[in-house]
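So this block is run-v9.csv, CSV, C-alpha atoms and all ligand atoms:
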chain,number,residue,atom,x,y,z
A,1,MET,CA,60.1,65.7,93.9
A,2,GLU,CA,61.1,62.4,95.4
A,3,ARG,CA,63.2,61.5,98.3
A,4,TRP,CA,66.2,59.5,97.4
A,5,ILE,CA,65.7,56.3,99.2
A,6,ALA,CA,67.2,53.1,97.9
A,7,LEU,CA,64.6,50.6,96.9
A,8,PRO,CA,64.8,47.0,98.0
A,9,CYS,CA,63.1,45.7,94.8
A,10,ARG,CA,66.4,45.1,93.2
A,11,CYS,CA,67.3,42.5,95.8
A,12,LEU,CA,65.3,40.0,93.8
A,13,LEU,CA,67.9,40.2,91.1
A,14,GLN,CA,70.9,40.2,93.4
A,15,GLY,CA,72.8,37.7,95.5
A,16,LEU,CA,72.0,37.4,99.2
A,17,GLY,CA,75.1,39.3,100.4
A,18,LEU,CA,74.5,42.3,98.2
A,19,CYS,CA,70.8,42.2,99.1
A,20,ILE,CA,71.6,42.5,102.8
A,21,SER,CA,74.0,45.4,102.2
A,22,ILE,CA,71.3,47.3,100.1
A,23,TRP,CA,68.8,46.8,102.9
A,24,VAL,CA,71.4,48.2,105.4
A,25,VAL,CA,72.0,51.3,103.2
A,26,ALA,CA,68.3,51.8,102.7
A,27,ALA,CA,67.6,51.6,106.5
A,28,ALA,CA,70.5,54.1,107.2
A,29,ALA,CA,69.1,56.5,104.6
A,30,SER,CA,65.6,56.5,106.0
A,31,GLU,CA,66.8,56.9,109.6
A,32,LYS,CA,68.9,59.9,108.6
A,33,ALA,CA,67.2,63.1,109.9
A,34,ASP,CA,65.7,65.4,107.3
A,35,PRO,CA,68.0,68.3,106.4
A,36,ILE,CA,67.3,71.8,107.9
A,37,PRO,CA,67.6,75.0,105.9
A,38,LYS,CA,70.7,77.0,106.6
A,39,PRO,CA,69.8,80.0,108.8
A,40,TRP,CA,69.9,83.3,107.1
A,41,PRO,CA,73.0,85.4,107.7
A,42,LEU,CA,72.4,88.1,110.3
A,43,GLN,CA,72.9,90.7,107.6
A,44,PHE,CA,72.6,90.4,103.9
A,45,HIS,CA,71.5,92.0,100.6
A,46,ALA,CA,69.6,89.9,98.1
A,47,GLN,CA,68.5,91.0,94.7
A,48,LEU,CA,65.3,89.2,93.9
A,49,TYR,CA,63.4,88.7,90.7
A,50,GLN,CA,59.7,88.4,91.6
A,51,ASN,CA,57.0,87.0,89.5
A,52,ARG,CA,53.6,87.4,91.2
A,53,THR,CA,51.3,85.5,88.9
A,54,GLY,CA,52.7,87.4,85.9
A,55,LYS,CA,53.3,90.7,87.5
A,56,LEU,CA,57.1,91.2,87.5
A,57,SER,CA,59.4,93.2,89.8
A,58,MET,CA,62.9,93.5,90.9
A,59,ILE,CA,63.3,93.6,94.7
A,60,ASP,CA,66.3,94.6,96.7
A,61,LEU,CA,66.0,92.9,100.1
A,62,TRP,CA,68.2,94.3,102.9
A,63,TYR,CA,67.9,92.1,105.9
A,64,ASP,CA,69.5,93.5,109.1
A,65,TYR,CA,68.7,91.4,112.1
A,66,PRO,CA,71.1,92.9,114.7
A,67,ASN,CA,69.5,96.3,114.0
A,68,GLY,CA,66.0,94.9,114.0
A,69,ARG,CA,65.1,96.0,110.5
A,70,ASN,CA,64.3,94.7,107.1
A,71,LEU,CA,63.8,96.6,103.8
A,72,ASN,CA,62.2,95.6,100.6
A,73,LEU,CA,62.8,98.0,97.7
A,74,ILE,CA,60.3,97.0,95.1
A,75,GLN,CA,60.7,98.2,91.5
A,76,LYS,CA,57.6,97.2,89.6
A,77,GLN,CA,58.2,96.6,85.9
A,78,LEU,CA,58.1,100.0,84.2
A,79,GLY,CA,56.3,101.3,87.3
A,80,SER,CA,56.8,102.8,90.7
A,81,VAL,CA,59.3,102.0,93.4
A,82,ILE,CA,57.9,101.0,96.7
A,83,HIS,CA,59.8,101.0,100.0
A,84,ASP,CA,58.6,98.4,102.5
A,85,VAL,CA,60.6,99.0,105.8
A,86,GLU,CA,59.8,96.7,108.6
A,87,TYR,CA,61.0,97.1,112.2
A,88,THR,CA,61.3,94.4,114.9
A,89,ASN,CA,59.0,96.6,117.1
A,90,GLY,CA,56.2,95.7,114.7
A,91,THR,CA,56.0,99.0,112.8
A,92,SER,CA,56.2,98.8,109.0
A,93,PHE,CA,56.4,101.8,106.6
A,94,TYR,CA,55.2,101.3,103.1
A,95,TYR,CA,55.9,104.3,100.9
A,96,ASP,CA,56.4,105.6,97.4
A,97,LEU,CA,58.8,108.6,97.5
A,98,GLU,CA,57.8,109.8,94.0
A,99,ALA,CA,54.1,109.8,94.7
A,100,GLY,CA,54.6,111.0,98.2
A,101,THR,CA,52.3,108.3,99.6
A,102,CYS,CA,52.9,106.3,102.8
A,103,LYS,CA,51.1,103.7,104.8
A,104,VAL,CA,52.1,102.8,108.3
A,105,VAL,CA,51.1,99.3,109.4
A,106,LEU,CA,51.4,97.8,112.9
A,107,PHE,CA,52.2,94.1,112.9
A,108,GLN,CA,52.0,92.1,116.1
A,109,VAL,CA,55.2,90.5,115.2
A,110,GLY,CA,58.6,91.8,114.1
A,111,ILE,CA,60.9,90.8,111.3
A,112,LEU,CA,61.7,87.2,110.5
A,113,ARG,CA,64.3,85.5,112.7
A,114,PRO,CA,67.3,84.1,110.8
A,115,ASP,CA,66.2,80.6,111.7
A,116,PHE,CA,62.5,81.0,110.9
A,117,LEU,CA,62.6,77.9,108.7
A,118,ASN,CA,64.0,75.6,111.4
A,119,ASP,CA,60.7,73.8,111.9
A,120,ALA,CA,59.7,73.8,108.2
A,121,THR,CA,58.7,70.4,106.7
A,122,TYR,CA,61.2,68.8,104.4
A,123,VAL,CA,59.6,68.1,101.0
A,124,GLY,CA,62.5,66.6,99.1
A,125,VAL,CA,64.9,67.4,96.2
A,126,ASP,CA,63.8,69.5,93.3
A,127,GLU,CA,65.5,71.4,90.5
A,128,ILE,CA,64.6,75.1,90.1
A,129,ASP,CA,66.2,77.8,88.0
A,130,GLY,CA,68.8,75.2,87.0
A,131,TYR,CA,69.9,74.5,90.6
A,132,LYS,CA,69.4,71.2,92.4
A,133,CYS,CA,67.8,72.1,95.7
A,134,ASN,CA,66.4,70.9,99.0
A,135,VAL,CA,62.9,72.0,99.4
A,136,TRP,CA,60.8,72.8,102.5
A,137,ASP,CA,57.3,74.0,103.2
A,138,LYS,CA,56.3,76.0,106.2
A,139,ALA,CA,52.7,76.5,107.5
A,140,ASP,CA,51.1,76.3,104.0
A,141,PHE,CA,52.7,79.7,103.7
A,142,ILE,CA,56.1,79.5,102.1
A,143,ARG,CA,57.9,77.0,99.9
A,144,TYR,CA,61.7,77.4,100.0
A,145,TRP,CA,64.4,76.1,97.7
A,146,GLU,CA,68.0,75.9,98.9
A,147,ASP,CA,70.9,75.0,96.6
A,148,ILE,CA,72.3,71.6,97.8
A,149,GLU,CA,75.9,72.5,96.8
A,150,THR,CA,76.3,76.1,98.2
A,151,ARG,CA,73.3,76.1,100.6
A,152,ARG,CA,72.3,79.5,99.3
A,153,PRO,CA,68.6,80.3,98.9
A,154,ILE,CA,67.6,80.0,95.2
A,155,SER,CA,63.9,80.7,95.3
A,156,TRP,CA,60.9,81.0,97.6
A,157,LEU,CA,57.2,81.2,97.0
A,158,PHE,CA,54.7,82.7,99.3
A,159,THR,CA,51.9,80.3,98.6
A,160,THR,CA,49.1,82.5,100.0
A,161,THR,CA,50.0,85.6,97.8
A,162,GLY,CA,51.6,83.9,94.8
A,163,MET,CA,54.7,86.0,95.3
A,164,TRP,CA,57.5,83.9,93.7
A,165,MET,CA,61.1,85.1,94.4
A,166,HIS,CA,64.1,84.1,92.4
A,167,VAL,CA,67.5,85.0,94.0
A,168,MET,CA,69.7,86.8,91.5
A,169,LYS,CA,72.3,88.0,94.0
A,170,PHE,CA,73.0,87.0,97.6
A,171,GLU,CA,75.6,89.1,99.4
A,172,GLU,CA,76.3,88.0,103.0
A,173,GLY,CA,77.2,90.9,105.4
A,174,ASN,CA,76.2,93.7,103.0
A,175,VAL,CA,74.4,96.4,105.0
A,176,LEU,CA,72.5,99.4,103.7
A,177,ASP,CA,73.5,102.9,104.9
A,178,ASP,CA,71.5,104.2,107.9
A,179,GLN,CA,70.0,107.2,106.0
A,180,LYS,CA,68.5,104.9,103.4
A,181,TRP,CA,66.2,103.5,106.0
A,182,GLN,CA,64.6,106.8,106.9
A,183,ALA,CA,60.9,107.0,106.1
A,184,PRO,CA,59.7,110.3,104.6
A,185,PRO,CA,57.7,112.9,106.5
A,186,SER,CA,54.5,111.8,104.8
A,187,CYS,CA,54.7,108.7,107.0
A,188,PHE,CA,54.5,110.8,110.1
A,189,GLU,CA,51.6,113.1,109.1
A,190,ARG,CA,48.2,112.0,110.2
A,191,ARG,CA,45.3,111.4,107.8
A,192,VAL,CA,47.6,112.0,104.7
A,193,ALA,CA,45.7,109.4,102.7
A,194,SER,CA,42.2,110.8,103.3
A,195,THR,CA,43.1,114.4,102.6
A,196,THR,CA,44.7,113.5,99.3
A,197,SER,CA,42.5,110.7,98.1
A,198,SER,CA,39.9,113.0,96.3
A,199,ALA,CA,42.8,114.2,94.0
A,200,LEU,CA,43.8,110.7,93.0
A,201,LYS,CA,43.0,109.4,89.6
A,202,ALA,CA,40.9,106.2,89.4
A,203,SER,CA,44.0,104.2,88.4
A,204,GLU,CA,45.8,105.4,91.5
A,205,VAL,CA,42.9,104.5,93.7
A,206,GLY,CA,43.0,101.0,92.2
A,207,GLU,CA,46.7,100.8,92.9
A,208,ARG,CA,46.2,102.0,96.5
A,209,GLU,CA,43.6,99.3,96.9
A,210,ARG,CA,45.9,96.7,95.5
A,211,GLN,CA,48.6,97.8,98.0
A,212,GLY,CA,46.0,97.6,100.7
A,213,ILE,CA,45.3,94.0,99.7
A,214,TYR,CA,49.0,93.3,99.6
A,215,ILE,CA,49.4,94.5,103.1
A,216,LYS,CA,46.4,92.6,104.4
A,217,LYS,CA,47.7,89.5,102.9
A,218,ALA,CA,51.1,90.1,104.3
A,219,VAL,CA,49.7,90.6,107.8
A,220,VAL,CA,47.7,87.4,107.6
A,221,ALA,CA,50.7,85.5,106.2
A,222,ARG,CA,53.1,86.8,108.7
A,223,LYS,CA,50.8,86.0,111.6
A,224,ALA,CA,50.4,82.5,110.2
A,225,MET,CA,54.1,82.1,110.0
A,226,TYR,CA,54.7,83.2,113.6
A,227,HIS,CA,51.9,81.2,115.1
A,228,SER,CA,53.3,78.1,113.6
A,229,ASP,CA,56.6,78.8,115.4
A,230,LYS,CA,55.1,78.1,118.8
B,1,LIG,C1,55.4,84.3,85.6
B,1,LIG,O1,54.6,83.3,86.2
B,1,LIG,C2,53.5,82.8,85.4
B,1,LIG,C3,52.8,81.8,86.2
B,1,LIG,O2,52.2,82.4,87.4
B,1,LIG,C4,54.1,82.2,84.2
B,1,LIG,O3,53.0,81.8,83.3
B,1,LIG,C5,54.9,83.3,83.4
B,1,LIG,O4,55.6,82.6,82.3
B,1,LIG,C6,56.0,83.8,84.3
B,1,LIG,N1,56.7,84.9,83.6
B,1,LIG,C7,58.0,85.2,83.7
B,1,LIG,C8,58.5,86.3,82.9
B,1,LIG,O5,58.7,84.6,84.5
B,2,LIG,C1,59.5,101.4,115.7
B,2,LIG,O1,60.8,101.8,115.3
B,2,LIG,C2,60.8,102.8,114.3
B,2,LIG,C3,62.2,103.1,113.9
B,2,LIG,O2,63.0,103.4,114.9
B,2,LIG,C4,60.0,104.0,114.7
B,2,LIG,O3,60.0,105.0,113.7
B,2,LIG,C5,58.6,103.6,115.2
B,2,LIG,O4,57.9,104.7,115.7
B,2,LIG,C6,58.7,102.5,116.2
B,2,LIG,N1,57.3,102.0,116.5
B,2,LIG,C7,56.9,101.9,117.8
B,2,LIG,C8,55.5,101.4,117.9
B,2,LIG,O5,57.6,102.1,118.7
Represent the structure contained in this file as structure tokens.
Ligand SMILES: *[C@@H]1O[C@H](CO)[C@@H](O)[C@H](O)[C@H]1NC(C)=O
Ligand SMILES: *[C@@H]1O[C@H](CO)[C@@H](O)[C@H](O)[C@H]1NC(C)=O
Amino acid sequence: MERWIALPCRCLLQGLGLCISIWVVAAAASEKADPIPKPWPLQFHAQLYQNRTGKLSMIDLWYDYPNGRNLNLIQKQLGSVIHDVEYTNGTSFYYDLEAGTCKVVLFQVGILRPDFLNDATYVGVDEIDGYKCNVWDKADFIRYWEDIETRRPISWLFTTTGMWMHVMKFEEGNVLDDQKWQAPPSCFERRVASTTSSALKASEVGERERQGIYIKKAVVARKAMYHSDK
């Protein structure tokens, strides 16, 4: 990953006139402001391929900023489907319809703003998944690749959790039907987890703990992200 800045070294081999013009180009290039990521569309659907240090899943991300909601539908490889619905009021529902489990998490922050990468640090140009991209880092939390040609996001990596997303589909303006956002009754019953936990198999307990870790990491990461906005 290197910035494309003309090097003055070649001047030694060139005539004086050419040398000066190279210097002028180099100075102009270095004075040019760093690029800024294109803000997310207010509503979109993205299909993401996630590789979380070897654990694979397909994620449908439904981002709906005007309605203050965001849904990650996570299909783990040959495993369960997890809904992760986040509202701008700070409430998140994390549920598995088949298993009938649900976790409600209160964040102090809502969903990401479309311009949440505005103050990210420009890293340079890199090729990923076969696309030549501009790359940014934000708050030691996310690395973000945007296609130089189309300005669509190609990939992002949550550096704290190792969740690495590759964008397979990006549909601006695609909105998920209202009823698909509805959390199941299990999310609104109190102490569901504690009354059913004795019936869980050891592997399910492990899975629940893993989800707990996922959520804790997401809380920490999201807080870090928002604090760096100030
Ligand atoms: C997933 O990522 C790991 C590195 O974390 C890599 O070794 C592996 O090849 C990747 N697998 C796939 C299928 O992308
Ligand atoms: C946030 O909004 C959702 C969806 O409308 C709702 O179910 C939830 O109870 C709200 N949370 C708070 C803390 O108001």
I'd like the neighbourhood of stretch 58-63 of chain A as a PDB file with C-alpha atoms, in the frame of the given file, where a residue qualifies if any of its atoms comes within 7 Å (using only C-alpha atoms), though same-chain residues fewer than 5 positions away should be ignored.
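Saved as selection_29.pdb:
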ATOM      1  CA  GLN A  43      72.900  90.700 107.600  1.00  0.00           C
ATOM      2  CA  PHE A  44      72.600  90.400 103.900  1.00  0.00           C
ATOM      3  CA  HIS A  45      71.500  92.000 100.600  1.00  0.00           C
ATOM      4  CA  ALA A  46      69.600  89.900  98.100  1.00  0.00           C
ATOM      5  CA  GLN A  47      68.500  91.000  94.700  1.00  0.00           C
ATOM      6  CA  LEU A  48      65.300  89.200  93.900  1.00  0.00           C
ATOM      7  CA  TYR A  49      63.400  88.700  90.700  1.00  0.00           C
ATOM      8  CA  GLN A  50      59.700  88.400  91.600  1.00  0.00           C
ATOM      9  CA  ARG A  69      65.100  96.000 110.500  1.00  0.00           C
ATOM     10  CA  ASN A  70      64.300  94.700 107.100  1.00  0.00           C
ATOM     11  CA  LEU A  71      63.800  96.600 103.800  1.00  0.00           C
ATOM     12  CA  ASN A  72      62.200  95.600 100.600  1.00  0.00           C
ATOM     13  CA  LEU A  73      62.800  98.000  97.700  1.00  0.00           C
ATOM     14  CA  ILE A  74      60.300  97.000  95.100  1.00  0.00           C
ATOM     15  CA  GLN A  75      60.700  98.200  91.500  1.00  0.00           C
ATOM     16  CA  LYS A  76      57.600  97.200  89.600  1.00  0.00           C
ATOM     17  CA  VAL A 175      74.400  96.400 105.000  1.00  0.00           C
ATOM     18  CA  LEU A 176      72.500  99.400 103.700  1.00  0.00           C
TER      19      LEU A 176
END
Rounded to one decimal place, report the atom CA of A:Val125-atom O2 of ligand LIG 1 (chain B) distance in Å.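 About the pair atom CA of A:Val125 and atom O2 of ligand LIG 1 (chain B): they are 21.5 Å apart.
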Do a neighbour search on stretch 142-148 of chain A at 7 Å with only C-alpha atoms, toss out local chain neighbours closer than 4 positions, and write the hits as JSON, numbers by chain. {"A": [131, 132, 133, 134, 135, 136, 137, 138, 152, 153, 154, 155, 156, 157, 158, 159]}
At a cut-off of 8 Å, can you tabulate as CSV every residue of chain A near ligand LIG 1 (chain B) together with its closest atom pair and the distance in Å to one decimal, using all atoms listed in the file and ordering rows by chain then number?
residue,atom,partner,partner_atom,distance
A:Asn51,CA,B:LIG1,C1,5.0
A:Arg52,CA,B:LIG1,O2,6.4
A:Thr53,CA,B:LIG1,O2,3.6
A:Gly54,CA,B:LIG1,C1,4.1
A:Lys55,CA,B:LIG1,C1,7.0
A:Leu56,CA,B:LIG1,C8,6.9
A:Gly162,CA,B:LIG1,O2,7.6
With C-alpha atoms retained, write the just-selected residues as an mmCIF file, keeping the file's coordinate frame.
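Below is the file that was written, part-v8.cif:
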data_model
loop_
_atom_site.group_PDB
_atom_site.id
_atom_site.type_symbol
_atom_site.label_atom_id
_atom_site.label_comp_id
_atom_site.auth_asym_id
_atom_site.auth_seq_id
_atom_site.Cartn_x
_atom_site.Cartn_y
_atom_site.Cartn_z
ATOM 1 C CA ASN A 51 57.000 87.000 89.500
ATOM 2 C CA ARG A 52 53.600 87.400 91.200
ATOM 3 C CA THR A 53 51.300 85.500 88.900
ATOM 4 C CA GLY A 54 52.700 87.400 85.900
ATOM 5 C CA LYS A 55 53.300 90.700 87.500
ATOM 6 C CA LEU A 56 57.100 91.200 87.500
ATOM 7 C CA GLY A 162 51.600 83.900 94.800
#
Looking at A:Glu172, A:Glu149, A:Asp178, A:Glu86, which one is nearest to A:Gly110, with distances taken over all atoms listed in the file?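 Among A:Glu172, A:Glu149, A:Asp178, A:Glu86, it is A:Glu86 that comes nearest to A:Gly110.
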If we count all atoms listed in the file, what is near A:Asp34 at a cut-off of 8 Å, once residues fewer than 2 positions away on the same chain are taken out, given as a ChimeraX atom specification? /A:32,36,122
Per residue of chain A within 12 Å of ligand LIG 2 (chain B), which atom pair is closest and at what distance in Å (one decimal), using all atoms listed in the file, listed by chain and increasing number, as a tab-separated table?
residue	atom	partner	partner_atom	distance
A:Asn67	CA	B:LIG2	O2	9.7
A:Gly68	CA	B:LIG2	O1	8.7
A:Arg69	CA	B:LIG2	C3	8.4
A:Asn70	CA	B:LIG2	C3	11.0
A:Val85	CA	B:LIG2	C3	9.2
A:Glu86	CA	B:LIG2	C2	8.4
A:Tyr87	CA	B:LIG2	O1	5.6
A:Thr88	CA	B:LIG2	C1	7.3
A:Asn89	CA	B:LIG2	C1	5.0
A:Gly90	CA	B:LIG2	C8	6.6
A:Thr91	CA	B:LIG2	N1	4.9
A:Ser92	CA	B:LIG2	C1	7.9
A:Phe93	CA	B:LIG2	O3	8.6
A:Val104	CA	B:LIG2	C5	9.5
A:Val105	CA	B:LIG2	C8	9.8
A:Leu106	CA	B:LIG2	C8	7.4
A:Phe107	CA	B:LIG2	C8	9.4
A:Gln108	CA	B:LIG2	C8	10.1
A:Val109	CA	B:LIG2	C8	11.2
A:Gly110	CA	B:LIG2	C1	9.8
A:Ile111	CA	B:LIG2	C1	11.6
A:Asp178	CA	B:LIG2	O2	11.0
A:Gln179	CA	B:LIG2	C3	11.8
A:Trp181	CA	B:LIG2	C3	8.9
A:Gln182	CA	B:LIG2	C3	8.3
A:Ala183	CA	B:LIG2	O3	7.9
A:Pro184	CA	B:LIG2	O3	10.5
A:Pro185	CA	B:LIG2	O3	10.9
A:Cys187	CA	B:LIG2	O3	9.3
A:Phe188	CA	B:LIG2	O3	8.8
Between atom CA of A:Pro35 and atom CA of A:Glu171, what is the spacing in Å?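 Interatomic distance, atom CA of A:Glu171 to atom CA of A:Pro35: 23.2 Å.
One distance worth recording is that between atom CA of A:Met163 and atom CA of A:Phe141, which is 10.7 Å.
Restricting the calculation to all atoms listed in the file, the smallest distance between A:Lys180 and any of A:Ala139, A:Tyr65, A:Ala99, A:Asp84 is found for A:Asp84.
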Draw an axis-aligned box over all listed atoms of stretch 74-86 of chain A, pad each side with 5 Å, and write its centre and edge lengths in Å, one decimal, as JSON.
{"center_x": 58.5, "center_y": 99.7, "center_z": 96.4, "size_x": 14.4, "size_y": 16.2, "size_z": 34.4}
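Between A:Phe116 and the candidates A:Asp177, A:Ala33, A:Pro39, A:Leu97, the tightest atom-to-atom separation, counting only C-alpha atoms, involves A:Pro39.
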